[in-house]
>>> print(open('target-v5.txt').read())   # compact mmCIF, C-alpha atoms and all ligand atoms
# COMPACT_ATOMS: atom_id res chain seq x y z
CA MET A 1 131.37 117.41 119.37
CA VAL A 2 127.78 118.25 118.55
CA LEU A 3 127.45 119.34 114.93
CA LYS A 4 123.71 119.35 114.59
CA TYR A 5 121.35 120.52 117.25
CA PHE A 6 117.57 120.34 116.92
CA GLU A 7 115.06 121.87 119.29
CA ILE A 8 111.81 120.00 119.16
CA ALA A 9 108.44 121.04 120.57
CA VAL A 10 106.66 117.97 121.89
CA ILE A 11 102.86 117.87 122.21
CA PRO A 12 101.78 114.40 123.41
CA GLY A 13 98.13 115.55 123.39
CA ASP A 14 95.46 113.11 124.51
CA GLY A 15 94.88 109.42 125.07
CA ILE A 16 97.54 107.11 123.68
CA GLY A 17 99.49 110.17 122.47
CA LYS A 18 100.77 110.29 126.05
CA GLU A 19 101.99 106.69 125.74
CA VAL A 20 103.46 106.51 122.25
CA VAL A 21 105.20 109.90 122.37
CA PRO A 22 107.43 109.16 125.41
CA ALA A 23 108.26 105.76 123.91
CA SER A 24 109.34 107.47 120.68
CA LEU A 25 111.42 110.09 122.47
CA ASN A 26 113.41 107.23 124.02
CA VAL A 27 114.14 106.01 120.51
CA LEU A 28 115.23 109.49 119.36
CA ASN A 29 117.44 109.83 122.45
CA THR A 30 119.03 106.47 121.67
CA ILE A 31 119.78 107.64 118.14
CA ALA A 32 121.37 110.84 119.44
CA GLU A 33 123.40 108.79 121.95
CA LEU A 34 124.76 106.65 119.14
CA HIS A 35 125.46 109.57 116.90
CA GLY A 36 127.79 111.96 118.70
CA GLY A 37 127.23 114.71 116.15
CA LEU A 38 123.53 114.95 116.81
CA LYS A 39 121.63 116.41 119.74
CA PHE A 40 117.92 116.91 120.40
CA THR A 41 116.26 118.94 123.09
CA PHE A 42 112.62 118.20 123.76
CA THR A 43 110.34 120.85 125.23
CA GLU A 44 107.02 119.40 126.23
CA PHE A 45 103.70 121.26 126.11
CA PRO A 46 100.65 119.88 127.95
CA TRP A 47 98.15 121.21 125.39
CA SER A 48 95.27 118.77 125.25
CA CYS A 49 91.60 118.29 126.17
CA GLU A 50 92.54 118.20 129.85
CA TYR A 51 94.30 121.51 129.39
CA TYR A 52 91.08 122.80 127.82
CA LEU A 53 89.02 121.82 130.86
CA GLU A 54 91.28 123.93 133.02
CA HIS A 55 91.94 126.89 130.70
CA GLU A 56 89.03 126.87 128.23
CA VAL A 57 91.47 126.89 125.32
CA MET A 58 93.43 124.04 123.72
CA MET A 59 96.61 126.11 123.78
CA PRO A 60 97.46 129.53 125.20
CA GLU A 61 97.09 132.62 123.06
CA THR A 62 100.87 132.81 122.80
CA GLY A 63 101.07 129.14 121.76
CA LEU A 64 101.83 129.68 118.09
CA GLU A 65 104.37 132.36 118.93
CA THR A 66 106.11 129.88 121.27
CA LEU A 67 106.10 127.03 118.75
CA LYS A 68 107.37 129.20 115.91
CA ASN A 69 110.95 129.09 117.15
CA PHE A 70 111.35 125.31 117.22
CA ASN A 71 112.95 123.23 114.46
CA ALA A 72 109.99 120.86 114.41
CA ILE A 73 106.82 119.88 116.26
CA PHE A 74 106.37 116.28 117.33
CA LEU A 75 102.73 115.60 118.04
CA GLY A 76 100.92 112.55 119.42
CA ALA A 77 97.16 112.75 118.98
CA VAL A 78 94.42 115.16 119.88
CA GLY A 79 90.90 114.34 120.97
CA ASN A 80 88.86 113.17 123.91
CA PRO A 81 85.24 113.42 122.80
CA ASP A 82 83.96 112.48 126.27
CA ILE A 83 85.16 115.78 127.68
CA VAL A 84 85.63 118.14 124.69
CA PRO A 85 83.80 117.99 121.32
CA ASP A 86 86.15 116.97 118.51
CA HIS A 87 85.61 120.09 116.40
CA ILE A 88 86.84 122.22 119.31
CA SER A 89 89.88 120.09 120.16
CA LEU A 90 91.06 119.50 116.60
CA TRP A 91 90.46 123.02 115.30
CA GLY A 92 91.86 124.56 118.50
CA LEU A 93 95.21 122.82 118.23
CA LEU A 94 96.06 120.53 115.34
CA ILE A 95 94.37 122.38 112.49
CA LYS A 96 95.30 125.73 113.94
CA ILE A 97 98.98 124.78 113.78
CA ARG A 98 98.72 123.31 110.27
CA ARG A 99 97.09 126.48 108.92
CA ALA A 100 99.10 129.11 110.82
CA PHE A 101 102.41 127.45 110.00
CA GLU A 102 101.56 127.07 106.31
CA GLN A 103 102.03 123.31 106.41
CA THR A 104 100.82 123.06 102.86
CA ILE A 105 102.07 119.57 102.06
CA ASN A 106 101.09 116.38 103.81
CA ILE A 107 103.06 113.24 103.09
CA ARG A 108 102.15 109.72 104.07
CA PRO A 109 104.14 106.66 103.07
CA ALA A 110 102.77 103.13 102.84
CA LYS A 111 104.87 100.05 102.31
CA TYR A 112 104.77 96.32 102.53
CA PHE A 113 105.94 95.87 106.08
CA LYS A 114 107.88 92.76 107.07
CA GLY A 115 106.20 90.80 109.84
CA LEU A 116 102.78 92.37 109.32
CA ARG A 117 99.73 90.74 107.87
CA SER A 118 98.40 92.94 105.08
CA PRO A 119 94.70 92.39 104.33
CA LEU A 120 95.74 91.95 100.69
CA VAL A 121 96.06 88.38 99.45
CA ASN A 122 99.64 87.78 98.31
CA PRO A 123 100.76 91.40 98.62
CA LYS A 124 103.81 92.30 96.55
CA ASP A 125 106.61 94.44 97.90
CA PHE A 126 104.92 97.85 97.57
CA ASP A 127 106.57 101.08 98.73
CA LEU A 128 104.72 104.28 97.88
CA ILE A 129 104.23 107.76 99.24
CA VAL A 130 101.26 110.06 98.81
CA VAL A 131 101.91 113.80 98.55
CA ARG A 132 98.68 115.50 99.52
CA GLU A 133 97.95 119.18 98.96
CA ASN A 134 97.17 120.24 102.52
CA SER A 135 95.85 123.80 102.37
CA GLU A 136 93.09 124.23 99.78
CA GLY A 137 91.26 122.16 97.17
CA GLU A 138 88.01 120.57 98.22
CA TYR A 139 88.56 121.46 101.89
CA SER A 140 87.71 125.13 101.60
CA GLU A 141 85.39 127.28 103.60
CA VAL A 142 83.94 128.87 100.48
CA GLY A 143 80.23 128.23 100.08
CA GLY A 144 77.10 128.42 102.12
CA ARG A 145 73.59 127.23 102.76
CA ILE A 146 70.36 128.92 101.84
CA HIS A 147 66.63 128.25 102.08
CA SER A 148 64.96 125.51 104.01
CA GLY A 149 62.53 122.69 103.46
CA LYS A 150 62.15 121.56 99.85
CA ASP A 151 64.36 124.43 98.65
CA GLU A 152 67.17 123.74 101.08
CA THR A 153 70.49 124.23 99.23
CA ALA A 154 74.15 123.72 100.11
CA ILE A 155 77.02 125.00 98.01
CA GLN A 156 80.60 123.95 98.67
CA ASN A 157 83.30 125.33 96.41
CA ALA A 158 86.67 123.79 95.77
CA VAL A 159 89.63 126.15 95.50
CA PHE A 160 92.61 125.29 93.31
CA THR A 161 95.30 127.93 92.93
CA ARG A 162 98.18 127.57 90.51
CA LYS A 163 100.53 128.34 93.38
CA GLY A 164 99.16 125.64 95.68
CA THR A 165 98.78 123.05 92.94
CA GLU A 166 102.24 123.63 91.52
CA ARG A 167 103.80 123.57 94.99
CA ALA A 168 102.40 120.11 95.72
CA MET A 169 103.44 118.81 92.32
CA ARG A 170 106.98 120.18 92.51
CA TYR A 171 107.34 118.63 95.94
CA ALA A 172 106.23 115.29 94.49
CA PHE A 173 108.68 115.46 91.58
CA ASP A 174 111.58 116.47 93.83
CA LEU A 175 110.76 113.58 96.14
CA ALA A 176 110.59 111.15 93.22
CA LYS A 177 114.16 112.12 92.26
CA GLN A 178 115.36 110.50 95.49
CA ARG A 179 113.16 107.44 95.00
CA LYS A 180 112.09 105.38 92.01
CA LYS A 181 111.69 108.40 89.74
CA HIS A 182 108.01 108.14 89.03
CA VAL A 183 105.04 110.40 89.83
CA THR A 184 101.38 109.50 89.43
CA SER A 185 98.81 112.28 89.36
CA ALA A 186 95.40 111.65 90.95
CA THR A 187 92.85 113.37 88.73
CA LYS A 188 89.18 113.22 87.82
CA SER A 189 89.07 115.44 84.78
CA ASN A 190 86.42 113.30 83.13
CA GLY A 191 83.87 114.24 85.79
CA ILE A 192 85.03 117.44 87.47
CA VAL A 193 85.26 119.77 84.52
CA HIS A 194 86.94 122.92 85.83
CA SER A 195 89.39 122.19 88.62
CA MET A 196 90.63 118.83 87.39
CA PRO A 197 91.48 119.80 83.79
CA PHE A 198 93.35 122.68 85.45
CA TRP A 199 95.10 120.18 87.71
CA ASP A 200 96.10 118.14 84.63
CA GLU A 201 97.44 121.24 82.86
CA VAL A 202 99.59 122.24 85.81
CA PHE A 203 100.85 118.65 86.04
CA ARG A 204 101.90 118.73 82.39
CA ASP A 205 103.61 122.11 82.89
CA VAL A 206 105.56 120.99 85.95
CA GLN A 207 106.49 117.70 84.33
CA LYS A 208 108.48 119.58 81.66
CA ASP A 209 111.02 120.59 84.29
CA TYR A 210 111.61 116.98 85.32
CA SER A 211 112.47 115.10 82.14
CA ASP A 212 114.10 112.24 84.06
CA ILE A 213 110.94 111.42 86.02
CA GLY A 214 108.33 109.06 84.58
CA THR A 215 104.69 110.03 84.97
CA ALA A 216 101.20 108.60 84.88
CA SER A 217 97.78 110.07 85.40
CA TYR A 218 94.92 108.07 86.92
CA HIS A 219 91.35 109.02 87.63
CA ILE A 220 90.91 108.82 91.37
CA ASP A 221 88.37 105.98 91.26
CA ALA A 222 90.67 103.76 89.21
CA LEU A 223 93.62 104.83 91.36
CA ALA A 224 91.82 103.84 94.57
CA ALA A 225 91.14 100.43 93.05
CA ALA A 226 94.77 100.07 91.92
CA PHE A 227 95.97 100.79 95.49
CA VAL A 228 94.23 97.54 96.39
CA THR A 229 94.96 95.44 93.28
CA LYS A 230 98.54 96.51 92.42
CA PRO A 231 100.04 99.00 94.89
CA GLU A 232 103.53 97.83 93.91
CA ILE A 233 103.40 99.79 90.62
CA PHE A 234 103.40 103.17 92.41
CA ASP A 235 106.22 105.36 93.69
CA VAL A 236 105.10 108.96 94.44
CA ILE A 237 101.44 109.92 94.04
CA VAL A 238 100.38 113.58 94.04
CA ALA A 239 96.80 114.32 94.99
CA SER A 240 94.44 117.11 95.97
CA ASN A 241 93.36 117.48 99.58
CA LEU A 242 90.29 115.21 99.39
CA PHE A 243 91.73 112.63 97.02
CA GLY A 244 94.89 112.46 99.10
CA ASP A 245 92.90 112.03 102.27
CA ILE A 246 91.05 109.03 100.87
CA LEU A 247 94.10 107.44 99.24
CA THR A 248 96.18 107.63 102.41
CA ASP A 249 93.56 105.77 104.41
CA ILE A 250 93.71 103.00 101.82
CA GLY A 251 97.51 103.16 102.11
CA GLY A 252 97.27 102.65 105.88
CA ALA A 253 94.73 99.87 105.48
CA ILE A 254 96.80 97.80 103.03
CA MET A 255 99.78 97.95 105.40
CA GLY A 256 97.82 96.16 108.08
CA SER A 257 97.07 98.56 110.96
CA ILE A 258 96.33 102.21 111.50
CA GLY A 259 98.69 101.99 114.46
CA ILE A 260 101.76 101.96 112.22
CA ALA A 261 100.92 104.70 109.68
CA PRO A 262 102.98 107.91 109.90
CA ALA A 263 102.45 111.41 108.49
CA ALA A 264 104.24 114.71 108.14
CA ASN A 265 102.74 118.17 107.69
CA LEU A 266 105.42 120.11 105.90
CA ASN A 267 106.12 123.80 105.72
CA VAL A 268 108.07 124.19 102.50
CA ASN A 269 108.76 127.94 102.52
CA GLY A 270 111.05 127.69 105.54
CA LYS A 271 109.12 130.26 107.55
CA TYR A 272 107.67 127.94 110.17
CA PRO A 273 108.36 124.51 111.63
CA SER A 274 106.89 121.35 110.15
CA MET A 275 104.83 118.96 112.26
CA PHE A 276 105.23 115.21 112.55
CA GLU A 277 102.33 113.08 113.78
CA PRO A 278 101.02 109.57 113.28
CA VAL A 279 97.85 109.02 111.26
CA HIS A 280 95.93 107.49 114.16
CA GLY A 281 93.99 109.37 116.81
CA SER A 282 93.97 109.19 120.60
CA ALA A 283 92.34 105.73 120.67
CA PRO A 284 90.25 106.21 123.84
CA ASP A 285 89.24 102.53 123.72
CA ILE A 286 92.74 101.26 124.54
CA VAL A 287 94.16 104.12 126.59
CA GLY A 288 96.04 103.30 129.82
CA LYS A 289 96.67 99.66 128.93
CA ASN A 290 100.19 100.03 127.53
CA ILE A 291 99.12 98.22 124.36
CA ALA A 292 99.09 101.10 121.88
CA ASN A 293 101.26 100.39 118.89
CA PRO A 294 104.18 102.87 119.02
CA ILE A 295 105.32 102.21 115.43
CA GLY A 296 103.22 104.95 113.81
CA GLN A 297 104.75 107.50 116.15
CA ILE A 298 108.28 106.10 115.83
CA TRP A 299 107.97 106.08 112.03
CA THR A 300 106.99 109.79 112.18
CA ALA A 301 110.27 110.28 114.08
CA LYS A 302 112.00 108.67 111.09
CA MET A 303 110.25 111.18 108.82
CA MET A 304 111.47 113.98 111.07
CA LEU A 305 115.05 112.65 110.77
CA ASP A 306 114.64 112.65 106.96
CA HIS A 307 113.38 116.22 107.15
CA PHE A 308 116.49 117.20 109.12
CA GLY A 309 118.64 115.67 106.38
CA GLU A 310 119.55 112.60 108.47
CA VAL A 311 118.40 110.23 105.77
CA GLU A 312 120.79 107.38 106.63
CA LEU A 313 119.73 107.39 110.28
CA GLY A 314 116.08 107.44 109.22
CA LYS A 315 116.64 104.52 106.88
CA ARG A 316 118.35 102.51 109.61
CA LEU A 317 115.55 103.26 112.07
CA LEU A 318 112.90 101.96 109.67
CA GLU A 319 114.95 98.80 109.04
CA VAL A 320 115.13 98.19 112.79
CA ILE A 321 111.38 98.77 113.21
CA GLU A 322 110.73 96.14 110.55
CA GLU A 323 113.22 93.68 112.08
CA VAL A 324 111.58 94.01 115.47
CA THR A 325 108.13 93.48 113.95
CA GLU A 326 109.34 90.47 112.00
CA ASP A 327 110.77 89.00 115.22
CA GLN A 328 107.28 89.19 116.74
CA PHE A 329 107.72 92.11 119.12
CA LYS A 330 104.22 93.22 118.27
CA THR A 331 101.36 94.94 120.05
CA PRO A 332 97.90 93.26 120.00
CA ASP A 333 96.52 95.35 117.08
CA ILE A 334 98.94 93.52 114.77
CA GLY A 335 98.52 90.13 116.36
CA GLY A 336 101.15 90.19 119.10
CA THR A 337 101.23 90.31 122.89
CA SER A 338 103.94 92.92 123.51
CA THR A 339 103.40 96.19 125.34
CA THR A 340 104.02 99.65 123.92
CA ASN A 341 107.19 99.98 125.97
CA ALA A 342 108.47 96.51 125.14
CA VAL A 343 108.33 97.29 121.41
CA ALA A 344 110.05 100.67 121.83
CA ASP A 345 112.67 99.19 124.20
CA GLU A 346 113.47 96.44 121.72
CA ILE A 347 113.93 99.04 118.96
CA CYS A 348 116.33 100.97 121.23
CA ALA A 349 118.23 97.81 122.18
CA ARG A 350 118.73 96.79 118.55
CA LEU A 351 119.81 100.26 117.52
CA LEU A 352 122.46 100.11 120.25
CA LYS A 353 123.49 96.59 119.31
CA SER A 354 123.78 97.29 115.60
CA GLU A 355 126.21 100.13 116.14
P1 LIG B 1 91.63 106.38 116.43
O1 LIG B 1 92.67 106.38 115.39
O2 LIG B 1 91.95 107.03 117.71
O3 LIG B 1 91.18 104.87 116.73
C1 LIG B 1 90.58 104.03 115.74
C2 LIG B 1 90.79 102.55 116.13
O4 LIG B 1 92.16 102.22 115.89
C3 LIG B 1 90.54 102.27 117.60
O5 LIG B 1 89.96 100.99 117.73
C4 LIG B 1 91.91 102.29 118.21
O6 LIG B 1 92.05 101.49 119.36
C5 LIG B 1 92.78 101.78 117.07
N1 LIG B 1 94.13 102.39 117.14
C6 LIG B 1 94.46 103.67 116.80
N2 LIG B 1 95.78 103.89 117.01
C7 LIG B 1 96.28 102.73 117.50
C8 LIG B 1 97.57 102.33 117.93
N3 LIG B 1 98.65 103.17 117.89
N4 LIG B 1 97.73 101.07 118.39
C9 LIG B 1 96.70 100.22 118.42
N5 LIG B 1 95.44 100.54 118.03
C10 LIG B 1 95.23 101.79 117.58
O7 LIG B 1 90.33 107.08 115.79
P2 LIG B 1 88.94 107.46 116.49
O8 LIG B 1 88.56 106.42 117.50
O9 LIG B 1 88.03 107.74 115.38
O10 LIG B 1 89.20 108.83 117.22
C11 LIG B 1 89.51 108.96 118.60
C12 LIG B 1 89.86 110.40 118.89
O11 LIG B 1 91.05 110.77 118.20
C13 LIG B 1 88.80 111.41 118.44
O12 LIG B 1 88.74 112.43 119.37
C14 LIG B 1 89.32 111.89 117.10
O13 LIG B 1 88.85 113.18 116.77
C15 LIG B 1 90.80 111.93 117.38
N6 LIG B 1 91.65 111.85 116.19
C16 LIG B 1 92.76 112.63 116.18
C17 LIG B 1 93.64 112.58 115.15
C18 LIG B 1 94.87 113.39 115.25
O14 LIG B 1 95.20 113.89 116.30
N7 LIG B 1 95.59 113.55 114.16
C19 LIG B 1 93.42 111.71 113.99
C20 LIG B 1 92.26 110.87 114.12
C21 LIG B 1 91.40 110.96 115.17
MG MG B 2 91.52 110.97 106.79
>>> encode(input="target-v5.txt", output="structure tokens")
Amino acid sequence: MVLKYFEIAVIPGDGIGKEVVPASLNVLNTIAELHGGLKFTFTEFPWSCEYYLEHEVMMPETGLETLKNFNAIFLGAVGNPDIVPDHISLWGLLIKIRRAFEQTINIRPAKYFKGLRSPLVNPKDFDLIVVRENSEGEYSEVGGRIHSGKDETAIQNAVFTRKGTERAMRYAFDLAKQRKKHVTSATKSNGIVHSMPFWDEVFRDVQKDYSDIGTASYHIDALAAAFVTKPEIFDVIVASNLFGDILTDIGGAIMGSIGIAPAANLNVNGKYPSMFEPVHGSAPDIVGKNIANPIGQIWTAKMMLDHFGEVELGKRLLEVIEEVTEDQFKTPDIGGTSTTNAVADEICARLLKSE
């Protein structure tokens, strides 16, 4: 008997998105097969740069309306700069969805991954997650340019609302409750004298509601350094849009390959679906060779399972991904010789075997 039924909109997108997404759907189907109470339906949409060449839009006008009714969106990667400029492809699809569906929180985990070579010397067993404010902050459209020549001037304003700031922080504290009960705030109130003291104030206010959660506050420069020198001391880190963007790239780098890093764009008001996508792009340089690492995409599937409340299944999936990596089923970007499909197939086989 099916107890839980999830309808998922699938957008493979461009390049290796079309390779790693099908591989990941096989994994999700295997999980559903093992777990009688769970069922997924996948509805695929061909929205991509190729779609743009034919229709002059990245997705149809009714696209958002169509997507709205799904439980989640599972996205590969968008971008093929040879045929469509990146600002058109990304803003016409990915960013459009993030904004319209109020996906105001972006989360990206990074952990010491068994079987992978981290660029850190003697890495300890780190396991952290960055909660990034995903809708305002430094990435605002407020500002402008005036004059030219010697007087040329650019003004870019950052926007920090109490609502947006508090929302990200509350998400971080709630997440920490299920983890190691610690939240670090990424600030820079010694240099940015309006928005960051405000950020600190909101952090102190929110903290009062979570007396069982430990806290720390780091200036972003020192925090970036600590991600390299001692990532094992962190649990949940909450950061503004720009700071979070930079920190999560360091998070991906210290794991060992961009090909394994996952992300989730979360809608937290329940009005629209959330979107799950790996950190990497469409990797035009390796497309069509069946060597793209599918782990980033499969790990985003784990985050989607968590989001659906299937935390145990998600946990098991990540364990299996690590086992397979440790046993050298690895694509070339992490020093192996396996194909995309071989890695995904091995993950499916072990899930079946472990049942
Ligand atoms: P990229 O992430 O596509 O590739 C960077 C490097 O990492 C390449 O050498 C690539 O081969 C390698 N790589 C990436 N994913 C991999 C995987 N799963 N397995 C093995 N190697 C992998 O970034 P790039 O080259 O800057 O961008 C290519 C296109 O992707 C552009 O159009 C860009 O705008 C778009 N892009 C889209 C994103 C998204 O959809 N969220 C994110 C980043 C870039
Ligand atoms: Mg980035």
>>> atom_distance(input="target-v5.txt", atom1="atom CA of A:Lys271", atom2="atom CA of A:Glu310")
20.5 Å
>>> atom_distance(input="target-v5.txt", atom1="atom CA of A:Arg98", atom2="atom CA of A:Met275")
7.8 Å
>>> residues_near_ligand(input="target-v5.txt", ligand="ligand MG 2 (chain B)", cutoff="10 Å", atoms="all atoms listed in the file", output="number ranges by chain")
A: 241-250, 279-280
>>> closest_residue(input="target-v5.txt", among="A:Thr325, A:Ser48, A:Asn26, A:Asn69", to="ligand LIG 1 (chain B)", atoms="all atoms listed in the file")
A:Ser48
>>> closest_residue(input="target-v5.txt", among="A:Ser282, A:Asn341, A:Ser354, A:Thr153", to="A:Leu317", atoms="only C-alpha atoms")
A:Ser354
>>> residues_around(input="target-v5.txt", residues="A:Ala222", least_positions_apart="2", cutoff="12 Å", atoms="all atoms listed in the file", output="PDB file with C-alpha atoms, in the coordinates of the input")
ATOM      1  CA  SER A 185      98.810 112.280  89.360  1.00  0.00           C
ATOM      2  CA  ALA A 186      95.400 111.650  90.950  1.00  0.00           C
ATOM      3  CA  THR A 187      92.850 113.370  88.730  1.00  0.00           C
ATOM      4  CA  LYS A 188      89.180 113.220  87.820  1.00  0.00           C
ATOM      5  CA  SER A 217      97.780 110.070  85.400  1.00  0.00           C
ATOM      6  CA  TYR A 218      94.920 108.070  86.920  1.00  0.00           C
ATOM      7  CA  HIS A 219      91.350 109.020  87.630  1.00  0.00           C
ATOM      8  CA  ILE A 220      90.910 108.820  91.370  1.00  0.00           C
ATOM      9  CA  ALA A 224      91.820 103.840  94.570  1.00  0.00           C
ATOM     10  CA  ALA A 225      91.140 100.430  93.050  1.00  0.00           C
ATOM     11  CA  ALA A 226      94.770 100.070  91.920  1.00  0.00           C
ATOM     12  CA  PHE A 227      95.970 100.790  95.490  1.00  0.00           C
ATOM     13  CA  VAL A 228      94.230  97.540  96.390  1.00  0.00           C
ATOM     14  CA  THR A 229      94.960  95.440  93.280  1.00  0.00           C
ATOM     15  CA  LYS A 230      98.540  96.510  92.420  1.00  0.00           C
ATOM     16  CA  PRO A 231     100.040  99.000  94.890  1.00  0.00           C
ATOM     17  CA  PHE A 243      91.730 112.630  97.020  1.00  0.00           C
ATOM     18  CA  LEU A 247      94.100 107.440  99.240  1.00  0.00           C
TER      19      LEU A 247
END
>>> residues_near_ligand(input="target-v5.txt", ligand="ligand LIG 1 (chain B)", cutoff="6 Å", atoms="only C-alpha atoms and all ligand atoms", output="PDB file with C-alpha atoms, in the coordinates of the input")
ATOM      1  CA  ALA A  77      97.160 112.750 118.980  1.00  0.00           C
ATOM      2  CA  VAL A  78      94.420 115.160 119.880  1.00  0.00           C
ATOM      3  CA  GLY A  79      90.900 114.340 120.970  1.00  0.00           C
ATOM      4  CA  ASN A  80      88.860 113.170 123.910  1.00  0.00           C
ATOM      5  CA  PRO A  81      85.240 113.420 122.800  1.00  0.00           C
ATOM      6  CA  ASP A  86      86.150 116.970 118.510  1.00  0.00           C
ATOM      7  CA  ILE A 258      96.330 102.210 111.500  1.00  0.00           C
ATOM      8  CA  GLY A 259      98.690 101.990 114.460  1.00  0.00           C
ATOM      9  CA  VAL A 279      97.850 109.020 111.260  1.00  0.00           C
ATOM     10  CA  HIS A 280      95.930 107.490 114.160  1.00  0.00           C
ATOM     11  CA  GLY A 281      93.990 109.370 116.810  1.00  0.00           C
ATOM     12  CA  SER A 282      93.970 109.190 120.600  1.00  0.00           C
ATOM     13  CA  ALA A 283      92.340 105.730 120.670  1.00  0.00           C
ATOM     14  CA  PRO A 284      90.250 106.210 123.840  1.00  0.00           C
ATOM     15  CA  ASP A 285      89.240 102.530 123.720  1.00  0.00           C
ATOM     16  CA  ILE A 286      92.740 101.260 124.540  1.00  0.00           C
ATOM     17  CA  ALA A 292      99.090 101.100 121.880  1.00  0.00           C
ATOM     18  CA  ASN A 293     101.260 100.390 118.890  1.00  0.00           C
ATOM     19  CA  PRO A 294     104.180 102.870 119.020  1.00  0.00           C
ATOM     20  CA  ASP A 333      96.520  95.350 117.080  1.00  0.00           C
TER      21      ASP A 333
END
>>> closest_residue(input="target-v5.txt", among="A:Val311, A:Leu90, A:Val159, A:Leu175", to="A:Val142", atoms="all atoms listed in the file")
A:Val159
>>> axis_aligned_box(input="target-v5.txt", around="stretch 171-177 of chain A", padding_each_side="8 Å", output="AutoDock Vina command-line options")
--center_x 110.2 --center_y 114.9 --center_z 93.9 --size_x 23.9 --size_y 23.5 --size_z 20.6
>>> residues_around(input="target-v5.txt", residues="A:Pro262", least_positions_apart="6", cutoff="10 Å", atoms="only C-alpha atoms", output="ChimeraX atom specification")
/A:107-110,252,276-280,295-303
>>> atom_distance(input="target-v5.txt", atom1="atom CA of A:Arg350", atom2="atom CA of A:Ala264")
25.3 Å
>>> residues_near_point(input="target-v5.txt", point="(76.9, 132.3, 96.4)", cutoff="10 Å", atoms="all atoms listed in the file", output="PDB file with C-alpha atoms, in the coordinates of the input")
ATOM      1  CA  VAL A 142      83.940 128.870 100.480  1.00  0.00           C
ATOM      2  CA  GLY A 143      80.230 128.230 100.080  1.00  0.00           C
ATOM      3  CA  GLY A 144      77.100 128.420 102.120  1.00  0.00           C
ATOM      4  CA  ARG A 145      73.590 127.230 102.760  1.00  0.00           C
ATOM      5  CA  ILE A 146      70.360 128.920 101.840  1.00  0.00           C
ATOM      6  CA  ALA A 154      74.150 123.720 100.110  1.00  0.00           C
ATOM      7  CA  ILE A 155      77.020 125.000  98.010  1.00  0.00           C
ATOM      8  CA  GLN A 156      80.600 123.950  98.670  1.00  0.00           C
ATOM      9  CA  ASN A 157      83.300 125.330  96.410  1.00  0.00           C
TER      10      ASN A 157
END
>>> residues_around(input="target-v5.txt", residues="A:Glu102", least_positions_apart="2", cutoff="10 Å", atoms="only C-alpha atoms", output="PyMOL selection string")
chain A and resi 96-100+104-105+134-135+265-274
>>> closest_residue(input="target-v5.txt", among="A:Glu7, A:Glu319, A:Asp14, A:Glu19", to="A:Tyr52", atoms="only C-alpha atoms")
A:Asp14
>>> residues_near_point(input="target-v5.txt", point="(102.0, 125.0, 126.6)", cutoff="9 Å", atoms="only C-alpha atoms", output="count of residues only")
11
>>> closest_residue(input="target-v5.txt", among="A:Cys49, A:Ile16, A:Ile73, A:Ile129", to="A:Arg179", atoms="only C-alpha atoms")
A:Ile129
>>> residues_around(input="target-v5.txt", residues="A:Ile31", least_positions_apart="6", cutoff="9 Å", atoms="only C-alpha atoms", output="mmCIF file with C-alpha atoms, keeping the file's coordinate frame")
data_model
loop_
_atom_site.group_PDB
_atom_site.id
_atom_site.type_symbol
_atom_site.label_atom_id
_atom_site.label_comp_id
_atom_site.auth_asym_id
_atom_site.auth_seq_id
_atom_site.Cartn_x
_atom_site.Cartn_y
_atom_site.Cartn_z
ATOM 1 C CA LEU A 38 123.530 114.950 116.810
ATOM 2 C CA LEU A 313 119.730 107.390 110.280
ATOM 3 C CA LEU A 317 115.550 103.260 112.070
ATOM 4 C CA CYS A 348 116.330 100.970 121.230
ATOM 5 C CA LEU A 351 119.810 100.260 117.520
ATOM 6 C CA LEU A 352 122.460 100.110 120.250
#
>>> build_atoms(input="target-v5.txt", residues="stretch 137-144 of chain A", atoms="N, CA and C atoms", output="PDB file, keeping the file's coordinate frame")
ATOM      1  N   GLY A 137      91.989 123.219  97.859  1.00  0.00           N
ATOM      2  CA  GLY A 137      91.260 122.160  97.170  1.00  0.00           C
ATOM      3  C   GLY A 137      89.815 122.049  97.645  1.00  0.00           C
ATOM      4  N   GLU A 138      89.398 120.820  97.849  1.00  0.00           N
ATOM      5  CA  GLU A 138      88.010 120.570  98.220  1.00  0.00           C
ATOM      6  C   GLU A 138      87.729 121.003  99.654  1.00  0.00           C
ATOM      7  N   TYR A 139      88.772 121.082 100.492  1.00  0.00           N
ATOM      8  CA  TYR A 139      88.560 121.460 101.890  1.00  0.00           C
ATOM      9  C   TYR A 139      88.684 122.974 102.043  1.00  0.00           C
ATOM     10  N   SER A 140      87.697 123.679 101.486  1.00  0.00           N
ATOM     11  CA  SER A 140      87.710 125.130 101.600  1.00  0.00           C
ATOM     12  C   SER A 140      86.478 125.560 102.375  1.00  0.00           C
ATOM     13  N   GLU A 141      86.535 126.778 102.855  1.00  0.00           N
ATOM     14  CA  GLU A 141      85.390 127.280 103.600  1.00  0.00           C
ATOM     15  C   GLU A 141      84.486 128.139 102.718  1.00  0.00           C
ATOM     16  N   VAL A 142      84.713 128.039 101.399  1.00  0.00           N
ATOM     17  CA  VAL A 142      83.940 128.870 100.480  1.00  0.00           C
ATOM     18  C   VAL A 142      82.635 128.161 100.115  1.00  0.00           C
ATOM     19  N   GLY A 143      81.519 128.833 100.377  1.00  0.00           N
ATOM     20  CA  GLY A 143      80.230 128.230 100.080  1.00  0.00           C
ATOM     21  C   GLY A 143      79.212 128.686 101.090  1.00  0.00           C
ATOM     22  N   GLY A 144      78.106 128.019 101.137  1.00  0.00           N
ATOM     23  CA  GLY A 144      77.100 128.420 102.120  1.00  0.00           C
ATOM     24  C   GLY A 144      75.829 127.614 101.954  1.00  0.00           C
TER      25      GLY A 144
END
